Structures are given as C-alpha cells and as structure tokens.
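Read through the structure below, which is laid out as structure tokens, and then see the notes.
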Amino acid sequence: MSQPARYLKQNVAIEPLFNQWYAWWYLLSPATAPLYVANLHAKIMQSFVSAPDIHVAALKNPALMGGPYINYGTDRAAEVKALLERTLKEQADSIRFAAALVELDKLLTTSGNGSSLEPLYKKVPDILQGYVELTYDLNHRPRPRFLEALLYRSPHYKESSQSLSLRLIEQDARKYVFSTPRLGGDGSIHVTRPFRHEALDRFFAMREQPGPVEEIREALGVAPSDSERFDTFFTDAPPPPRTRYDGDGVRLRYFGHACVLIESKDVSLLTDPVMSYPFSADTPRYTHADLPEKIDYVLITHGHADHLMLETLLQLRPRIGTLVVPRSSGGNLADPSLKLMLSNLGFKRVVELGDLETIEVPGGSITGLPFLGEHGDLDIQAKIAHLVDLGGKRMLMAADSNAIEPRVYDHCRSMLGEIDVMFLGMESEGAPMSWMYGPLLMTPLQRKMDQTRRLNGSNAERAIEIVTRLNPKQVFIYAMGREPWLGHVMAMGYTETSPQLIEARKLLDYCKQKGLVNDMPYCKAEYFVR
Ligand SMILES: [Fe+2]
Ligand SMILES: [Fe+2]
C-alpha cells in the first residue's frame with residue numbers, strides 16, 4: 001500500500017553538527033577543523049569532565065555565556081566524558097594533524113632562514129606531505145601554503161564527523177552552541193548523514209511538496225525506534241503559498257540580523273541567510289516560510305557564523321540559484337576557501353566575488369566592495385560588501401565592515417557613483433581576536449595585544465565616515481545580533497547602555513540631522529526603494 005503524502009512542519013529545526021558540536025566555518029574546512037577539535041573541543045570537554053561544577057558556577061554569570069564553559073548540569077558529566085573519549089579515539093588522526101601543523105610551523109621558523117626551502121620537504125610531518133607548499137613572503141619569512149582542494153579529497157575531510165540534529169521548536173531560546181556539544185535528550189533526532197546528502201534536500205522540499213514519511217525516514221537513516229517522534233515532524237496541512245514580489249522598484253525585507261531579502265520584478269537576492277522558524281511568537285518576524293520558492297542569488301559577506309550559517313543554508317540549498325561567496329586568499333590556514341567549502345557541502349553553483357568584480361543579474365548587477373577590519377588584523381580576504389544595483393537603485397550591504405581606513409570609500413565613490421541605501425552592521429565592541437581564532441594560533445598572543453585586536457565593526461565615528469563619503473539617501477543599521485532567535489550563535493546580552501547601541505544611536509541621530517531616512521530594524525521590517 002502506498003504511504004500517504006505529508007508535509008514537513010515549518011518549525012522543524014536542524015542543527016548541523018561536527019563530532020556533535022555545532023558546525024561552522026572552521027569546522028567545515030579540513031585544514032582548520034583538526035585545530036578546533038584538538039585545541040578547543042577536547043580541552044573544554046576535559047575541563048568539564050574534571051570539574052563540571054566550575055562550568056555550572058561560571059554560567060550563573062550571564063557575562064560568561066560566550067566563554068569556554070559547557071552549558072550542562074553536573075549530571076551530564078558522564079555523557080561528556082563518553083563523547084570526549086570517543087572524540088579522542090575517532091579523531092586520533094585529526095589530533096595528529098593538528099600536532100603536525102605545529103611541528104611544520106616550528107620547522108619553518110627554525111630552518112626557513114632565507115635559503116631554499118626545498119630540503120625541508122622531507123622533514124615535513126608525514127601526515128602533511130603532499131598537502132603543503134613551502135614558501136617565503138617578500139621579507140623572507142617562511143609560510144606554508146595549504147593545498148586545500150586536495151585536503152577535501154583526502155581522509156582528512158571527515159564527512160563521517162558530520163551529522164544533524166532535528167527537532168521541533170516552539171520558542172527562540174536555544175543553548176549557546178560554540179562551547180557546548182549537542183548530547184541529545186532534548187526531543188531531538190540525530191541523523192548521521194553527511195551535509196551534502198541529497199535526502200536532506202528531499203526532506204526540506206517536503207515543506208512544500210508532500211511526500212511519504214516512511215521513505216524519507218529511511219533515506220535519512222533515522223532509526224525505526226525514532227519513527228514515532230519523526231512522525232510528529234509532519235502534518236497534513238499544506239503551507240500557505242509562497243509569493244514573489246511583482247511590484248515596481250525594489251522591495252527589501254529584513255529577516256533579522258544581516259539577512260535581507262532584496263526583490264525586484266526580475267530577481268530575488270538574499271543576504272547572509274540566518275532566520276527563525278515559524279511558530280506562534282510574541283515578536284513578529286519573517287521566517288523561511290516567507291521566502292520565494294526560488295532564491296536566485298544568495299550573497300555571503302564573510303565566514304563568521306552569524307553570516308555564513310549552515311543551519312539556514314542547508315534548508316535552502318535546493319532553492320538557491322547561485323551562491324555568491326567572497327574569494328579567499330587560498331592556502332592560508334586562517335582564510336579557508338568558502339567556495340571549496342560550500343561546493344563540497346553540496347551547493348551546486350558557488351561563485352566567488354572579489355573587490356570591484358561584478359556579476360550581472362536580471363535587471364542589474366552585484367559588485368564586490370572591500371570589507372576592511374572585524375577579523376583581528378588577520379590576513380583573511382574572504383570578506384566582501386555587496387553593492388546591489390537593481391534597475392538603477394543601488395543598495396550597499398556592508399555587513400560588519402569597519403571603516404578603519406575611510407579613504408577606501410573615497411576611491412569606491414569615484415569609481416561607482418552614488419548609492420541609494422546602505423545597510424551597515426555596528427557591532428563596534430567585538431570579542432578579542434583569540435576568542436574566535438585562538439585555536440588556530442601557532443604561538444599564543446599576549447593578552448594585552450589580544451585585547452587590542454578585537455573583532456570590531458564600525459563605531460559611530462567610522463560609520464559617519466562611510467556615510468559622508470558614499471552619501472546614501474537611506475541608512476539602516478543591521479547585523480546587531482539583537483533578535484531573540486540568535487542566542488545560540490551570539491551571546492550578546494545587550495542592555496540600553498551597551499556601547500554598541502550607544503554608537504548605533506549616534507549614527508541614527510547624525511542621519512536624522514542630515515535629513516537621511518534611517519532605521520535600526522528589529523525582528524521584522526519592510527522598505528521600498530523606488
Ligand atoms: Fe563578522
Ligand atoms: Fe556579524
């Protein structure tokens with residue numbers, strides 16, 4: 001007997017996991033993941049196992065929420081211990097890989113003295129041989145260049161570590177993900193399929209096209225013992241139909257954080273997709289159910305987890321026409337290729353965009369503009385702002401650009417002309433560099449230096465520099481991490497006196513004085529550019 005076709009409920013949430021930790025940028029690249037496994041995950045778990053009460057006590061202070069503390073009670077120490085033991089066993093070669101990176105660094109710093117590097121190849125740790133070229137910069141400082149494309153085809157790219165947690169959610173609050181592994185026990189179902197698996201596309205397509213539940217359960221490898229729970233993810237009620245904007249000019253819909261749907265009659269573009277799930281919530285919002293059936297272009301500004309969010313991207317994968325990502329420098333450990341990463345994750349058409357490069361789109365174009373700062377002065381080139389031109393209306397989506405050198409915008413203005421709308425993030429007091437990049441460092445950085453190298457976006461003074469140079473008619477502040485559904489990736493804890501909000505309001509006041517349209521949208525907003 002054929003199975004009845006049912007719809008996937010709109011509020012089934014997924015969390016992509018890597019060794020049961022929330023998967024993001026540096027866990028997806030085979031060159032960097034081992035450093036996070038060895039230097040972050042194993043260490044946090046070891047610390048929790050030896051003294052869980054210290055973690056529990058620390059997290060009573062909300063200011064420590066983003067710190068290296070596991071957010072479970074002491075009763076789960078045995079489960080964390082089991083995960084730690086399994087990680088150390090199953091990821092033994094990752095841990096060797098991470099140690100080899102340190103060894104390679106030592107080899108280069110001690111022996112790369114300006115003479116030919118050729119004799120050193122034989123001394124490269126075996127696990128890295130064939131995956132690295134040894135080079136000098138123009139000051140004769142040695143540095144490795146990793147052959148990332150080869151690593152994706154090697155045993156070091158661990159699809160077996162990828163899995164997903166699925167569950168129904170009815171509220172925004174979710175545990176902060178970067179310091180706490182997912183252990184289950186929260187009504188979730190664990191799916192051990194790699195992220196590129198086509199069954200995931202079929203699963204998410206069932207939000208619109210009903211299908212047989214049993215068949216998709218088997219395709220996802222969900223155990224029969226989880227059938228009953230899996231069944232609760234489905235409904236007979238069809239979703240409301242999706243519509244596309246067909247009015248004049250450009251409609252902008254703010255989905256929260258840096259996620260904006262830009263639509264004209266001809267084309268739809270979505271920036272930095274991060275969105276909430278539909279459920280009856282107090283704060284109105286757009287959710288993935290409000291997206292058009294097909295999204296022609298998805299634009300990614302940079303790899304930070306609040307901008308490149310695999311959780312949202314995977315759900316949209318079959319509906320994305322072209323995924324536009326910034327071009328990385330290639331081979332530098334801190335700057336993995338987003339194109340290689342997303343192509344290997346099953347995204348069919350991934351296109352790189354560099355500074356001042358343009359992609360033609362129906363009725364307009366997308367041009368890359370420099371995005372400075374916000375990465376602790378590390379040489380990370382995979383970051384870009386987008387100038388979207390639709391029918392002559394020009395919108396700059398600047399993400400977390402920090403105008404540390406405002407003259408960049410003078411140069412851009414003389415080349416690109418006027419803009420109508422600017423969206424700018426102003427998370428002007430970010431974490432110290434080591435908070436995100438610490439596990440990648442070959443040598444620890446002194447605390448006082450680390451404190452000066454913060455992941456800061458523009459403050460009011462710098463934002464005003466951009467506004468005066470580019471002269472937009474409308475200014476919107478976005479990407480502030482204020483939405484209640486971002487708690488799992490951003491431990492912001494804003495209050496009215498938070499410096500980020502004070503700086504943001506200064507910019508809004510400035511825009512008011514100058515007679516510019518301005519706003520700092522929260523949760524949901526709609527604007528038109530005509
Ligand atoms: Fe960022
Ligand atoms: Fe951000």
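Following the order of the structure tokens, first chain is A, next is B, and so on, with residues numbered from 1 inside each chain and ligands from 1 in the order they appear.
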List every residue of stretch 334-523 of chain A that DSSP, applied to the backbone, labels as alpha helix (DSSP H), and write the result as a PyMOL selection string. chain A and resi 338-344+407-416+433-437+447-452+460-470+499-513
Excluding stretch 486-500 of chain A and residues on its chain fewer than 5 positions from it, collect all residues at most 7 Å away from it, counting only C-alpha atoms, and give them as a compact mmCIF listing (two decimals) with N, CA and C atoms, in the first residue's frame.
```txt
# COMPACT_ATOMS: atom_id res chain seq x y z
N MET A 65 28.64 33.71 29.30
CA MET A 65 27.93 32.80 28.41
C MET A 65 28.74 32.44 27.15
N GLY A 66 29.49 33.40 26.59
CA GLY A 66 30.27 33.12 25.38
C GLY A 66 31.62 32.48 25.69
N ALA A 173 14.55 30.56 22.41
CA ALA A 173 15.72 30.29 23.25
C ALA A 173 16.36 28.94 22.89
N ARG A 174 17.63 28.98 22.60
CA ARG A 174 18.40 27.76 22.37
C ARG A 174 19.74 27.94 23.05
N LYS A 175 20.30 26.84 23.50
CA LYS A 175 21.59 26.94 24.19
C LYS A 175 22.67 27.46 23.24
N TYR A 176 23.55 28.29 23.77
CA TYR A 176 24.71 28.80 23.03
C TYR A 176 25.52 27.60 22.50
N VAL A 177 25.90 27.66 21.23
CA VAL A 177 26.41 26.44 20.60
C VAL A 177 27.93 26.25 20.57
N ASP A 306 27.50 33.99 12.22
CA ASP A 306 26.22 34.70 12.17
C ASP A 306 25.93 35.23 10.76
N MET A 426 26.96 47.47 13.11
CA MET A 426 27.76 48.32 14.02
C MET A 426 28.00 47.61 15.34
N GLU A 427 28.43 46.36 15.24
CA GLU A 427 28.81 45.67 16.46
C GLU A 427 30.21 46.17 16.77
N SER A 428 30.27 47.36 17.37
CA SER A 428 31.53 48.09 17.44
C SER A 428 32.44 47.62 18.56
N GLU A 429 31.95 46.77 19.46
CA GLU A 429 32.83 46.21 20.51
C GLU A 429 32.76 44.70 20.42
N GLY A 481 22.79 41.51 16.09
CA GLY A 481 22.64 40.34 16.98
C GLY A 481 21.57 40.52 18.03
```
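Considering only C-alpha atoms and all ligand atoms, every residue of the polymer chains approaching ligand 2 to 9 Å or closer is listed here: His257, Ala258, His302, His304, Ala305, Asp306, His307, Glu374, Ala399, Asp400, Gly425, Met426, Glu427, Gly457, Ala479, Met480 and Gly481 of chain A.
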Keeping N, CA and C atoms for every residue in the selection just given, could you write it to a file as a short mmCIF file (atom, residue, chain, number, x, y, z; two decimals), in the first residue's frame?
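Writing done, so here's part_3.cif:
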```cif
data_model
loop_
_atom_site.label_atom_id
_atom_site.label_comp_id
_atom_site.auth_asym_id
_atom_site.auth_seq_id
_atom_site.Cartn_x
_atom_site.Cartn_y
_atom_site.Cartn_z
N HIS A 257 19.04 40.29 11.82
CA HIS A 257 20.49 40.30 11.74
C HIS A 257 20.97 40.84 10.38
N ALA A 258 21.76 40.07 9.61
CA ALA A 258 22.24 40.61 8.32
C ALA A 258 21.47 40.02 7.16
N HIS A 302 30.83 37.14 4.68
CA HIS A 302 32.05 36.58 5.30
C HIS A 302 31.70 35.32 6.07
N HIS A 304 32.00 34.41 9.29
CA HIS A 304 31.56 34.37 10.69
C HIS A 304 30.20 33.67 10.78
N ALA A 305 30.02 32.93 11.86
CA ALA A 305 28.88 32.01 11.94
C ALA A 305 27.53 32.70 11.93
N ASP A 306 27.50 33.99 12.22
CA ASP A 306 26.22 34.70 12.17
C ASP A 306 25.93 35.23 10.76
N HIS A 307 26.84 34.97 9.83
CA HIS A 307 26.64 35.41 8.44
C HIS A 307 26.63 34.21 7.50
N GLU A 374 37.42 43.88 11.35
CA GLU A 374 36.49 42.96 12.01
C GLU A 374 37.01 41.52 12.10
N ALA A 399 27.62 44.68 5.70
CA ALA A 399 27.86 43.74 6.80
C ALA A 399 28.67 44.40 7.91
N ASP A 400 29.70 43.69 8.42
CA ASP A 400 30.44 44.18 9.58
C ASP A 400 31.64 45.04 9.18
N GLY A 425 26.46 47.00 9.64
CA GLY A 425 26.48 46.43 10.98
C GLY A 425 27.34 47.31 11.87
N MET A 426 26.96 47.47 13.11
CA MET A 426 27.76 48.32 14.02
C MET A 426 28.00 47.61 15.34
N GLU A 427 28.43 46.36 15.24
CA GLU A 427 28.81 45.67 16.46
C GLU A 427 30.21 46.17 16.77
N GLY A 457 33.20 45.91 14.55
CA GLY A 457 32.63 46.58 13.39
C GLY A 457 32.78 48.09 13.58
N ALA A 479 22.53 43.66 11.48
CA ALA A 479 23.59 42.74 11.96
C ALA A 479 24.05 43.05 13.38
N MET A 480 23.11 43.45 14.24
CA MET A 480 23.47 43.80 15.61
C MET A 480 23.29 42.62 16.58
N GLY A 481 22.79 41.51 16.09
CA GLY A 481 22.64 40.34 16.98
C GLY A 481 21.57 40.52 18.03
#
```
Select, from A:Ala82, A:Ala223, A:Ala237, A:Val388, the residue with the minimum atom-to-atom distance to A:Leu261, counting only C-alpha atoms.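 Of A:Ala82, A:Ala223, A:Ala237, A:Val388, the one nearest A:Leu261, counting only C-alpha atoms, is A:Val388.
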Quick one: distance from atom CA of A:Asp236 to atom CA of A:Gln3 in Å, one decimal?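 These atoms are spaced 12.8 Å apart.
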List the spatial neighbours of stretch 432-435 of chain A as a tab-separated table (two decimals) with N, CA, C and O atoms, in the first residue's frame - criterion: any atom at most 9 Å away, only C-alpha atoms, same-chain residues fewer than 5 positions off excluded.
```tsv
chain	number	residue	atom	x	y	z
A	66	GLY	N	29.49	33.40	26.59
A	66	GLY	CA	30.27	33.12	25.38
A	66	GLY	C	31.62	32.48	25.69
A	66	GLY	O	32.40	32.22	24.78
A	67	GLY	N	31.90	32.21	26.96
A	67	GLY	CA	33.22	31.67	27.35
A	67	GLY	C	33.30	30.16	27.20
A	67	GLY	O	32.33	29.52	26.79
A	375	HIS	N	38.31	41.31	11.76
A	375	HIS	CA	38.88	39.97	11.79
A	375	HIS	C	40.22	39.98	12.54
A	375	HIS	O	41.10	39.18	12.24
A	376	GLY	N	40.35	40.89	13.52
A	376	GLY	CA	41.53	40.89	14.40
A	376	GLY	C	42.84	41.10	13.67
A	376	GLY	O	43.87	40.56	14.10
A	377	ASP	N	42.84	41.82	12.56
A	377	ASP	CA	44.04	42.10	11.75
A	377	ASP	C	44.64	40.84	11.11
A	377	ASP	O	45.78	40.88	10.63
A	378	LEU	N	43.93	39.76	11.12
A	378	LEU	CA	44.43	38.57	10.43
A	378	LEU	C	44.23	38.75	8.92
A	378	LEU	O	43.32	39.46	8.49
A	440	LEU	N	43.56	28.47	16.22
A	440	LEU	CA	44.39	28.41	15.02
A	440	LEU	C	45.81	28.91	15.27
A	440	LEU	O	46.70	28.69	14.44
A	441	LEU	N	46.02	29.62	16.38
A	441	LEU	CA	47.30	30.30	16.58
A	441	LEU	C	48.42	29.31	16.85
A	441	LEU	O	48.26	28.38	17.63
A	444	PRO	N	50.89	31.55	21.26
A	444	PRO	CA	49.89	32.36	21.97
A	444	PRO	C	50.22	33.85	21.84
A	444	PRO	O	51.37	34.23	21.66
A	445	LEU	N	49.18	34.64	21.89
A	445	LEU	CA	49.37	36.10	21.80
A	445	LEU	C	49.19	36.67	23.19
A	445	LEU	O	48.29	36.28	23.92
A	450	ASP	N	46.19	40.92	22.44
A	450	ASP	CA	44.92	40.31	22.02
A	450	ASP	C	43.76	41.29	22.25
A	450	ASP	O	42.87	41.44	21.41
A	451	GLN	N	43.80	41.96	23.39
A	451	GLN	CA	42.73	42.90	23.72
A	451	GLN	C	42.65	44.06	22.73
A	451	GLN	O	41.59	44.66	22.57
A	452	THR	N	43.77	44.39	22.09
A	452	THR	CA	43.73	45.49	21.12
A	452	THR	C	43.22	45.03	19.75
A	452	THR	O	42.83	45.83	18.93
A	453	ARG	N	43.26	43.71	19.53
A	453	ARG	CA	42.87	43.19	18.21
A	453	ARG	C	41.48	42.59	18.30
A	453	ARG	O	41.31	41.37	18.29
A	454	ARG	N	40.51	43.44	18.37
A	454	ARG	CA	39.14	42.97	18.59
A	454	ARG	C	38.39	42.83	17.28
A	454	ARG	O	38.75	43.42	16.28
A	455	LEU	N	37.33	42.01	17.34
A	455	LEU	CA	36.52	41.78	16.13
A	455	LEU	C	35.45	42.87	16.06
A	455	LEU	O	34.26	42.61	16.15
A	456	ASN	N	35.93	44.09	15.91
A	456	ASN	CA	35.02	45.24	15.97
A	456	ASN	C	34.49	45.63	14.61
A	456	ASN	O	35.25	45.76	13.64
```
Which distance in Å separates atom CA of A:Thr301 and atom CA of A:Leu333, to one decimal?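 A separation of 18.9 Å between them.
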Close residues, A:Arg285 itself excluded, 8 Å, only C-alpha atoms, min 6 positions apart in chain, as a list in words: Phe255, Gly256, Ser276, Cys523 and Lys524 of chain A
Test item, strand (DSSP E) assignment across stretch 210-292 of chain A, answer as a PyMOL selection string: chain A and resi 211-212+234-235+250-256+259-263+268-271
